[in-house]
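Structure file run_9.cif; described as mmCIF, C-alpha atoms and all ligand atoms.
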data_my_file
#
loop_
_atom_site.group_PDB
_atom_site.id
_atom_site.type_symbol
_atom_site.label_atom_id
_atom_site.label_comp_id
_atom_site.auth_asym_id
_atom_site.auth_seq_id
_atom_site.Cartn_x
_atom_site.Cartn_y
_atom_site.Cartn_z
ATOM 1 C CA MET A 1 277.561 -102.808 64.421
ATOM 2 C CA GLU A 2 276.686 -104.497 67.720
ATOM 3 C CA PRO A 3 276.563 -102.471 70.930
ATOM 4 C CA ILE A 4 278.427 -103.936 73.901
ATOM 5 C CA TYR A 5 276.398 -101.932 76.421
ATOM 6 C CA LYS A 6 272.685 -101.947 77.195
ATOM 7 C CA ARG A 7 272.564 -98.676 79.157
ATOM 8 C CA VAL A 8 275.079 -95.830 78.950
ATOM 9 C CA LEU A 9 275.561 -92.422 80.474
ATOM 10 C CA LEU A 10 276.886 -89.984 77.938
ATOM 11 C CA LYS A 11 278.673 -86.943 79.373
ATOM 12 C CA ILE A 12 278.913 -84.049 76.955
ATOM 13 C CA SER A 13 280.940 -81.075 78.087
ATOM 14 C CA GLY A 14 279.576 -77.613 77.367
ATOM 15 C CA GLU A 15 282.550 -76.913 75.133
ATOM 16 C CA ALA A 16 281.689 -79.924 72.997
ATOM 17 C CA LEU A 17 278.455 -78.162 72.012
ATOM 18 C CA ALA A 18 280.202 -74.870 71.296
ATOM 19 C CA GLY A 19 282.279 -76.275 68.427
ATOM 20 C CA ASP A 20 284.986 -74.008 67.036
ATOM 21 C CA GLN A 21 283.416 -70.858 68.393
ATOM 22 C CA LYS A 22 284.268 -72.075 71.965
ATOM 23 C CA PHE A 23 281.347 -70.109 73.434
ATOM 24 C CA GLY A 24 277.613 -70.653 73.337
ATOM 25 C CA ILE A 25 275.901 -73.326 71.282
ATOM 26 C CA SER A 26 276.925 -74.191 67.749
ATOM 27 C CA ASP A 27 273.961 -75.366 65.700
ATOM 28 C CA GLU A 28 276.197 -77.524 63.571
ATOM 29 C CA THR A 29 277.913 -79.315 66.466
ATOM 30 C CA THR A 30 274.649 -79.824 68.347
ATOM 31 C CA ASN A 31 273.174 -81.315 65.206
ATOM 32 C CA THR A 32 276.140 -83.689 64.795
ATOM 33 C CA VAL A 33 275.899 -84.804 68.426
ATOM 34 C CA ALA A 34 272.115 -85.296 68.142
ATOM 35 C CA LYS A 35 272.564 -87.428 64.999
ATOM 36 C CA GLN A 36 275.096 -89.632 66.782
ATOM 37 C CA ILE A 37 272.750 -90.067 69.740
ATOM 38 C CA LYS A 38 269.953 -91.027 67.357
ATOM 39 C CA GLU A 39 272.177 -93.784 65.970
ATOM 40 C CA LEU A 40 272.639 -95.164 69.484
ATOM 41 C CA CYS A 41 268.920 -95.123 70.101
ATOM 42 C CA ASP A 42 268.292 -96.866 66.779
ATOM 43 C CA LEU A 43 270.546 -99.674 68.042
ATOM 44 C CA GLY A 44 268.379 -99.960 71.152
ATOM 45 C CA VAL A 45 271.006 -98.596 73.576
ATOM 46 C CA GLU A 46 269.357 -96.908 76.560
ATOM 47 C CA THR A 47 270.916 -93.458 76.750
ATOM 48 C CA ALA A 48 271.056 -91.030 79.649
ATOM 49 C CA ILE A 49 272.929 -87.771 79.169
ATOM 50 C CA VAL A 50 274.632 -85.284 81.469
ATOM 51 C CA VAL A 51 275.617 -81.967 79.912
ATOM 52 C CA GLY A 52 278.172 -79.491 81.185
ATOM 53 C CA GLY A 53 277.933 -75.721 81.077
ATOM 54 C CA GLY A 54 281.489 -74.525 80.494
ATOM 55 C CA ASN A 55 280.537 -72.979 77.119
ATOM 56 C CA PHE A 56 278.545 -70.368 79.058
ATOM 57 C CA TRP A 57 279.828 -70.185 82.577
ATOM 58 C CA ARG A 58 282.070 -71.946 85.069
ATOM 59 C CA GLY A 59 281.813 -71.404 88.783
ATOM 60 C CA ARG A 60 284.701 -69.555 90.382
ATOM 61 C CA SER A 61 284.799 -67.067 93.161
ATOM 62 C CA SER A 62 285.731 -63.489 92.373
ATOM 63 C CA GLU A 63 285.797 -60.170 94.160
ATOM 64 C CA ASN A 64 282.164 -59.647 93.235
ATOM 65 C CA MET A 65 280.776 -63.120 93.635
ATOM 66 C CA ASP A 66 280.884 -65.923 96.134
ATOM 67 C CA ARG A 67 281.637 -69.410 94.879
ATOM 68 C CA ALA A 68 278.191 -70.871 95.607
ATOM 69 C CA THR A 69 276.442 -68.194 93.514
ATOM 70 C CA ALA A 70 278.892 -68.685 90.662
ATOM 71 C CA ASP A 71 278.248 -72.442 90.840
ATOM 72 C CA TYR A 72 274.475 -71.980 90.746
ATOM 73 C CA MET A 73 274.965 -69.877 87.620
ATOM 74 C CA GLY A 74 277.030 -72.722 86.166
ATOM 75 C CA MET A 75 274.186 -75.138 86.863
ATOM 76 C CA LEU A 76 271.750 -72.805 85.088
ATOM 77 C CA ALA A 77 274.122 -72.796 82.101
ATOM 78 C CA THR A 78 273.862 -76.596 81.890
ATOM 79 C CA VAL A 79 270.074 -76.268 81.612
ATOM 80 C CA MET A 80 270.422 -74.134 78.473
ATOM 81 C CA ASN A 81 272.587 -76.839 76.905
ATOM 82 C CA ALA A 82 270.188 -79.564 78.042
ATOM 83 C CA LEU A 83 267.246 -77.778 76.420
ATOM 84 C CA ALA A 84 269.190 -77.264 73.180
ATOM 85 C CA LEU A 85 270.020 -80.954 73.033
ATOM 86 C CA GLU A 86 266.469 -82.002 73.941
ATOM 87 C CA SER A 87 265.148 -79.887 71.124
ATOM 88 C CA ALA A 88 267.700 -81.159 68.597
ATOM 89 C CA LEU A 89 266.927 -84.770 69.521
ATOM 90 C CA ASN A 90 263.173 -84.262 69.298
ATOM 91 C CA ILE A 91 263.610 -82.679 65.856
ATOM 92 C CA HIS A 92 265.590 -85.782 64.806
ATOM 93 C CA GLY A 93 262.652 -87.935 65.894
ATOM 94 C CA VAL A 94 264.171 -89.152 69.170
ATOM 95 C CA LYS A 95 261.952 -88.675 72.201
ATOM 96 C CA ALA A 96 264.081 -86.870 74.774
ATOM 97 C CA ARG A 97 263.184 -85.262 78.081
ATOM 98 C CA VAL A 98 265.192 -82.980 80.354
ATOM 99 C CA GLN A 99 265.114 -83.565 84.097
ATOM 100 C CA THR A 100 266.630 -80.859 86.280
ATOM 101 C CA ALA A 101 268.170 -81.136 89.727
ATOM 102 C CA ILE A 102 266.881 -77.629 90.495
ATOM 103 C CA GLU A 103 263.138 -77.369 89.989
ATOM 104 C CA MET A 104 261.958 -75.315 87.033
ATOM 105 C CA ARG A 105 258.739 -77.106 86.194
ATOM 106 C CA GLU A 106 257.707 -74.714 83.438
ATOM 107 C CA ILE A 107 260.509 -75.918 81.212
ATOM 108 C CA ALA A 108 261.533 -79.380 82.426
ATOM 109 C CA GLU A 109 260.654 -82.243 84.761
ATOM 110 C CA PRO A 110 262.249 -82.213 88.190
ATOM 111 C CA TYR A 111 264.764 -85.048 88.652
ATOM 112 C CA ALA A 112 263.052 -88.264 89.720
ATOM 113 C CA ARG A 113 265.135 -91.442 89.635
ATOM 114 C CA MET A 114 262.377 -94.000 89.027
ATOM 115 C CA LYS A 115 260.749 -91.831 86.373
ATOM 116 C CA ALA A 116 264.106 -91.452 84.626
ATOM 117 C CA ILE A 117 264.642 -95.225 84.708
ATOM 118 C CA SER A 118 261.200 -95.927 83.286
ATOM 119 C CA ARG A 119 261.826 -93.416 80.501
ATOM 120 C CA LEU A 120 265.084 -95.229 79.684
ATOM 121 C CA GLU A 121 263.271 -98.565 79.682
ATOM 122 C CA ARG A 122 260.837 -97.069 77.178
ATOM 123 C CA LYS A 123 263.905 -96.167 75.045
ATOM 124 C CA GLU A 124 263.504 -92.458 75.630
ATOM 125 C CA VAL A 125 266.585 -90.304 76.142
ATOM 126 C CA VAL A 126 266.820 -88.582 79.516
ATOM 127 C CA ILE A 127 268.993 -85.474 79.771
ATOM 128 C CA PHE A 128 270.034 -84.418 83.246
ATOM 129 C CA GLY A 129 270.346 -80.646 83.636
ATOM 130 C CA ALA A 130 271.436 -78.436 86.548
ATOM 131 C CA GLY A 131 274.191 -80.836 87.635
ATOM 132 C CA THR A 132 273.682 -82.386 91.069
ATOM 133 C CA GLY A 133 271.806 -79.269 92.178
ATOM 134 C CA ASN A 134 274.606 -78.522 94.633
ATOM 135 C CA PRO A 135 277.410 -75.968 94.425
ATOM 136 C CA PHE A 136 281.033 -77.150 94.826
ATOM 137 C CA PHE A 137 280.397 -80.099 92.503
ATOM 138 C CA SER A 138 280.960 -80.571 88.776
ATOM 139 C CA THR A 139 279.040 -82.119 85.946
ATOM 140 C CA ASP A 140 281.623 -84.930 85.896
ATOM 141 C CA THR A 141 280.512 -85.786 89.429
ATOM 142 C CA THR A 142 276.921 -85.506 88.220
ATOM 143 C CA ALA A 143 277.733 -88.015 85.466
ATOM 144 C CA ALA A 144 279.208 -90.456 88.005
ATOM 145 C CA LEU A 145 276.264 -90.017 90.377
ATOM 146 C CA ARG A 146 273.555 -90.388 87.733
ATOM 147 C CA ALA A 147 275.384 -93.334 86.120
ATOM 148 C CA ALA A 148 275.342 -95.103 89.500
ATOM 149 C CA GLU A 149 271.678 -94.215 90.079
ATOM 150 C CA MET A 150 270.640 -95.301 86.570
ATOM 151 C CA ASP A 151 272.732 -98.474 86.848
ATOM 152 C CA ALA A 152 274.606 -97.552 83.648
ATOM 153 C CA GLU A 153 277.525 -99.787 82.701
ATOM 154 C CA VAL A 154 279.776 -97.061 81.381
ATOM 155 C CA ILE A 155 280.258 -93.315 81.225
ATOM 156 C CA LEU A 156 281.017 -92.201 77.695
ATOM 157 C CA LEU A 157 283.064 -89.053 78.192
ATOM 158 C CA ALA A 158 282.862 -87.145 74.912
ATOM 159 C CA LYS A 159 285.581 -84.504 75.029
ATOM 160 C CA ASN A 160 287.371 -82.016 72.860
ATOM 161 C CA VAL A 161 290.560 -84.119 73.077
ATOM 162 C CA ASP A 162 290.576 -87.589 71.555
ATOM 163 C CA ALA A 163 291.962 -89.525 74.556
ATOM 164 C CA VAL A 164 293.743 -89.283 77.914
ATOM 165 C CA TYR A 165 297.367 -88.129 77.637
ATOM 166 C CA SER A 166 300.213 -87.955 80.161
ATOM 167 C CA ASP A 167 300.324 -84.201 79.563
ATOM 168 C CA ASP A 168 298.398 -81.596 77.568
ATOM 169 C CA PRO A 169 299.011 -82.732 73.938
ATOM 170 C CA GLU A 170 298.515 -79.191 72.639
ATOM 171 C CA ILE A 171 301.382 -77.910 74.770
ATOM 172 C CA ASN A 172 303.610 -80.991 74.930
ATOM 173 C CA PRO A 173 303.914 -82.863 71.579
ATOM 174 C CA ASN A 174 305.666 -85.751 73.395
ATOM 175 C CA ALA A 175 302.701 -86.401 75.674
ATOM 176 C CA GLU A 176 301.944 -90.135 75.860
ATOM 177 C CA LYS A 177 298.485 -91.301 74.759
ATOM 178 C CA TYR A 178 296.898 -94.001 76.922
ATOM 179 C CA ASP A 179 294.675 -96.771 75.504
ATOM 180 C CA SER A 180 293.637 -98.000 78.918
ATOM 181 C CA LEU A 181 294.157 -97.028 82.528
ATOM 182 C CA THR A 182 293.119 -98.148 85.993
ATOM 183 C CA PHE A 183 291.509 -95.713 88.435
ATOM 184 C CA LYS A 184 294.629 -96.039 90.588
ATOM 185 C CA GLU A 185 296.818 -94.900 87.683
ATOM 186 C CA VAL A 186 294.547 -91.916 87.064
ATOM 187 C CA VAL A 187 294.953 -90.867 90.693
ATOM 188 C CA ASP A 188 298.683 -91.723 91.022
ATOM 189 C CA LYS A 189 299.625 -89.955 87.774
ATOM 190 C CA ASP A 190 297.312 -87.046 88.633
ATOM 191 C CA LEU A 191 295.756 -87.236 85.147
ATOM 192 C CA LYS A 192 293.161 -84.578 84.458
ATOM 193 C CA VAL A 193 290.447 -86.900 83.176
ATOM 194 C CA MET A 194 287.736 -85.908 85.594
ATOM 195 C CA ASP A 195 287.825 -84.570 89.114
ATOM 196 C CA LEU A 196 288.713 -86.938 91.934
ATOM 197 C CA THR A 197 285.227 -86.960 93.487
ATOM 198 C CA ALA A 198 283.830 -88.193 90.170
ATOM 199 C CA ALA A 199 286.605 -90.750 89.597
ATOM 200 C CA THR A 200 286.223 -92.170 93.113
ATOM 201 C CA LEU A 201 282.461 -92.517 92.693
ATOM 202 C CA CYS A 202 283.001 -94.469 89.444
ATOM 203 C CA ARG A 203 285.671 -96.679 90.984
ATOM 204 C CA ASP A 204 283.570 -97.497 94.064
ATOM 205 C CA ASN A 205 280.553 -98.372 91.942
ATOM 206 C CA GLY A 206 282.346 -100.364 89.246
ATOM 207 C CA ILE A 207 281.479 -97.934 86.437
ATOM 208 C CA ALA A 208 283.946 -97.839 83.525
ATOM 209 C CA ILE A 209 284.810 -94.543 81.827
ATOM 210 C CA HIS A 210 285.454 -94.352 78.092
ATOM 211 C CA VAL A 211 287.106 -91.081 77.046
ATOM 212 C CA PHE A 212 287.102 -90.116 73.361
ATOM 213 C CA GLY A 213 286.865 -87.112 71.041
ATOM 214 C CA VAL A 214 283.401 -85.874 70.239
ATOM 215 C CA ALA A 215 284.578 -84.390 66.941
ATOM 216 C CA GLY A 216 285.398 -87.659 65.132
ATOM 217 C CA GLU A 217 282.672 -88.916 62.814
ATOM 218 C CA GLY A 218 280.666 -91.695 64.484
ATOM 219 C CA ASN A 219 282.850 -91.777 67.587
ATOM 220 C CA ILE A 220 280.016 -92.187 70.079
ATOM 221 C CA MET A 221 278.835 -95.199 68.090
ATOM 222 C CA LYS A 222 282.343 -96.644 67.903
ATOM 223 C CA ALA A 223 282.746 -96.333 71.682
ATOM 224 C CA VAL A 224 279.425 -98.078 72.308
ATOM 225 C CA CYS A 225 280.366 -100.896 69.938
ATOM 226 C CA GLY A 226 283.667 -101.486 71.755
ATOM 227 C CA GLU A 227 285.982 -100.155 69.047
ATOM 228 C CA LYS A 228 289.424 -99.204 70.272
ATOM 229 C CA ILE A 229 289.192 -95.439 70.257
ATOM 230 C CA GLY A 230 290.260 -93.057 73.019
ATOM 231 C CA THR A 231 291.035 -94.353 76.503
ATOM 232 C CA ILE A 232 289.172 -96.831 78.707
ATOM 233 C CA ILE A 233 289.444 -96.503 82.493
ATOM 234 C CA LYS A 234 288.366 -99.487 84.586
HETATM 235 N N1 LIG A 301 278.139 -77.061 88.811
HETATM 236 C C1 LIG A 301 277.887 -77.142 90.178
HETATM 237 N N2 LIG A 301 277.380 -78.303 90.679
HETATM 238 C C2 LIG A 301 277.115 -79.395 89.926
HETATM 239 C C3 LIG A 301 277.411 -79.301 88.543
HETATM 240 C C4 LIG A 301 277.917 -78.136 88.006
HETATM 241 O O1 LIG A 301 278.097 -76.197 90.911
HETATM 242 O O2 LIG A 301 276.637 -80.409 90.461
HETATM 243 C C5 LIG A 301 278.587 -75.763 88.242
HETATM 244 C C6 LIG A 301 280.070 -75.486 88.407
HETATM 245 O O3 LIG A 301 280.229 -74.120 88.685
HETATM 246 C C7 LIG A 301 280.634 -75.806 87.039
HETATM 247 C C8 LIG A 301 279.510 -75.362 86.135
HETATM 248 O O4 LIG A 301 278.334 -75.727 86.848
HETATM 249 O O5 LIG A 301 281.821 -75.092 86.798
HETATM 250 C C9 LIG A 301 279.502 -75.977 84.760
HETATM 251 O O6 LIG A 301 279.770 -77.342 84.823
HETATM 252 P P1 LIG A 301 281.154 -77.989 84.320
HETATM 253 O O7 LIG A 301 282.272 -77.038 84.556
HETATM 254 O O8 LIG A 301 281.268 -79.334 84.938
HETATM 255 O O9 LIG A 301 280.852 -78.092 82.778
HETATM 256 P P2 LIG A 301 281.778 -78.664 81.591
HETATM 257 O O10 LIG A 301 283.210 -78.393 81.937
HETATM 258 O O11 LIG A 301 281.514 -80.139 81.506
HETATM 259 O O12 LIG A 301 281.292 -77.927 80.382
#
For this file, write the structure as structure tokens.
Ligand code: UDP
Amino acid sequence: MEPIYKRVLLKISGEALAGDQKFGISDETTNTVAKQIKELCDLGVETAIVVGGGNFWRGRSSENMDRATADYMGMLATVMNALALESALNIHGVKARVQTAIEMREIAEPYARMKAISRLERKEVVIFGAGTGNPFFSTDTTAALRAAEMDAEVILLAKNVDAVYSDDPEINPNAEKYDSLTFKEVVDKDLKVMDLTAATLCRDNGIAIHVFGVAGEGNIMKAVCGEKIGTIIK
């Protein structure tokens, strides 16, 4: 298998690490994801990762909490996932380092763009935790931002669904599955691929998005080698 990309940004949602249990971190799923990332590294693909936090916490305002605080808690949740993935990758013999957008030097490096790039050039995996460090953003926006900063060619969006559909396929069995889309179509059709801030950032910086299911055996590899799985947005 020949990779078609030199440097990729892999976005893994929190739920993708939770597996069937839907909450927390599933050892089995984390192990499967780590093995797939190792395969990419063995092919020489430079891999940066952004992890979500939805398996622990999602920011939303409530009677007892303002939105910014809830969002900061969400960012802390992403750090737990980042550390779990870092550990799993290191155990699989892949050198991986977490960089966080909120400083917590005892457990991870603070985000530093040039340091992250030099780690990628040395074929180390860099995992970005704590989102952008700012409330009112998402980890999808983080993925778009870090992909632009790292000069990645594509965002590999590993999801719990296997592609982009016209409607929720679990609710509507007639939902249409898309092989490819333009950014304009995503916006016009109001497709829930990623939030608009993230999609606009990708469009403006010429970064493609490849959406596919994380569950399928070898799917990350297939996406990197240009196989026709999921949906490509350009
Ligand atoms: N978050 C934030 N700023 C960021 C990234 C994330 O405030 O730059 C918070 C936000 O509350 C979000 C939570 O972290 O709901 C977890 O991230 P996300 O929902 O994107 O995770 P995913 O759905 O990918 O698991």
(message) Selection in question (the file shown): the PyMOL selection byres (((chain A and resi 32) around 10) and not hetatm). Which residues does it include, as a list in words?
(response)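 Evaluating the PyMOL selection byres (((chain A and resi 32) around 10) and not hetatm) on these coordinates yields Leu17, Ser26, Asp27, Glu28, Thr29, Thr30, Asn31, Val33, Ala34, Lys35, Gln36, Ile37, Lys38, Ala88, Val214, Ala215, Glu217 and Gly218 of chain A.
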Would you write out those residues with C-alpha atoms, as a PDB file, in the frame of the given file?
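The result, stored in part_2.pdb:
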ATOM      1  CA  LEU A  17     278.455 -78.162  72.012  1.00  0.00           C
ATOM      2  CA  SER A  26     276.925 -74.191  67.749  1.00  0.00           C
ATOM      3  CA  ASP A  27     273.961 -75.366  65.700  1.00  0.00           C
ATOM      4  CA  GLU A  28     276.197 -77.524  63.571  1.00  0.00           C
ATOM      5  CA  THR A  29     277.913 -79.315  66.466  1.00  0.00           C
ATOM      6  CA  THR A  30     274.649 -79.824  68.347  1.00  0.00           C
ATOM      7  CA  ASN A  31     273.174 -81.315  65.206  1.00  0.00           C
ATOM      8  CA  VAL A  33     275.899 -84.804  68.426  1.00  0.00           C
ATOM      9  CA  ALA A  34     272.115 -85.296  68.142  1.00  0.00           C
ATOM     10  CA  LYS A  35     272.564 -87.428  64.999  1.00  0.00           C
ATOM     11  CA  GLN A  36     275.096 -89.632  66.782  1.00  0.00           C
ATOM     12  CA  ILE A  37     272.750 -90.067  69.740  1.00  0.00           C
ATOM     13  CA  LYS A  38     269.953 -91.027  67.357  1.00  0.00           C
ATOM     14  CA  ALA A  88     267.700 -81.159  68.597  1.00  0.00           C
ATOM     15  CA  VAL A 214     283.401 -85.874  70.239  1.00  0.00           C
ATOM     16  CA  ALA A 215     284.578 -84.390  66.941  1.00  0.00           C
ATOM     17  CA  GLU A 217     282.672 -88.916  62.814  1.00  0.00           C
ATOM     18  CA  GLY A 218     280.666 -91.695  64.484  1.00  0.00           C
TER      19      GLY A 218
END
If I wrap all listed atoms of ligand LIG 301 (chain A) in a box with edges along x, y and z and add 8 Å on each side, what are its centre and edge lengths in Å to one decimal, as JSON?
{"center_x": 279.9, "center_y": -77.3, "center_z": 85.6, "size_x": 22.6, "size_y": 22.3, "size_z": 26.5}
(request) For the structure shown, which residues end up in the PyMOL selection byres (((chain A and resi 50-56) around 9) and not hetatm)? Put them as a PyMOL selection string, please? (result) chain A and resi 9-18+22-25+48-49+57-59+74-82+85+126-131+138-140+142-143+146
(request) Provide the atom CA of A:Glu39 to atom CA of A:Ala163 distance in Å, to one decimal place. (result) 22.0 Å
(request) Please write as a VMD selection string the full residue list that the PyMOL selection byres (((chain A and resi 230) around 10) and not hetatm) yields on this file. (result) chain A and resid 157 to 159 161 to 165 177 to 180 210 to 213 219 223 227 to 229 231 to 232
(message) Counting all atoms listed in the file, which residue out of A:Leu145, A:Val98, A:Ala152, A:Leu196 sits closest to ligand LIG 301 (chain A)?
(response) A:Leu145
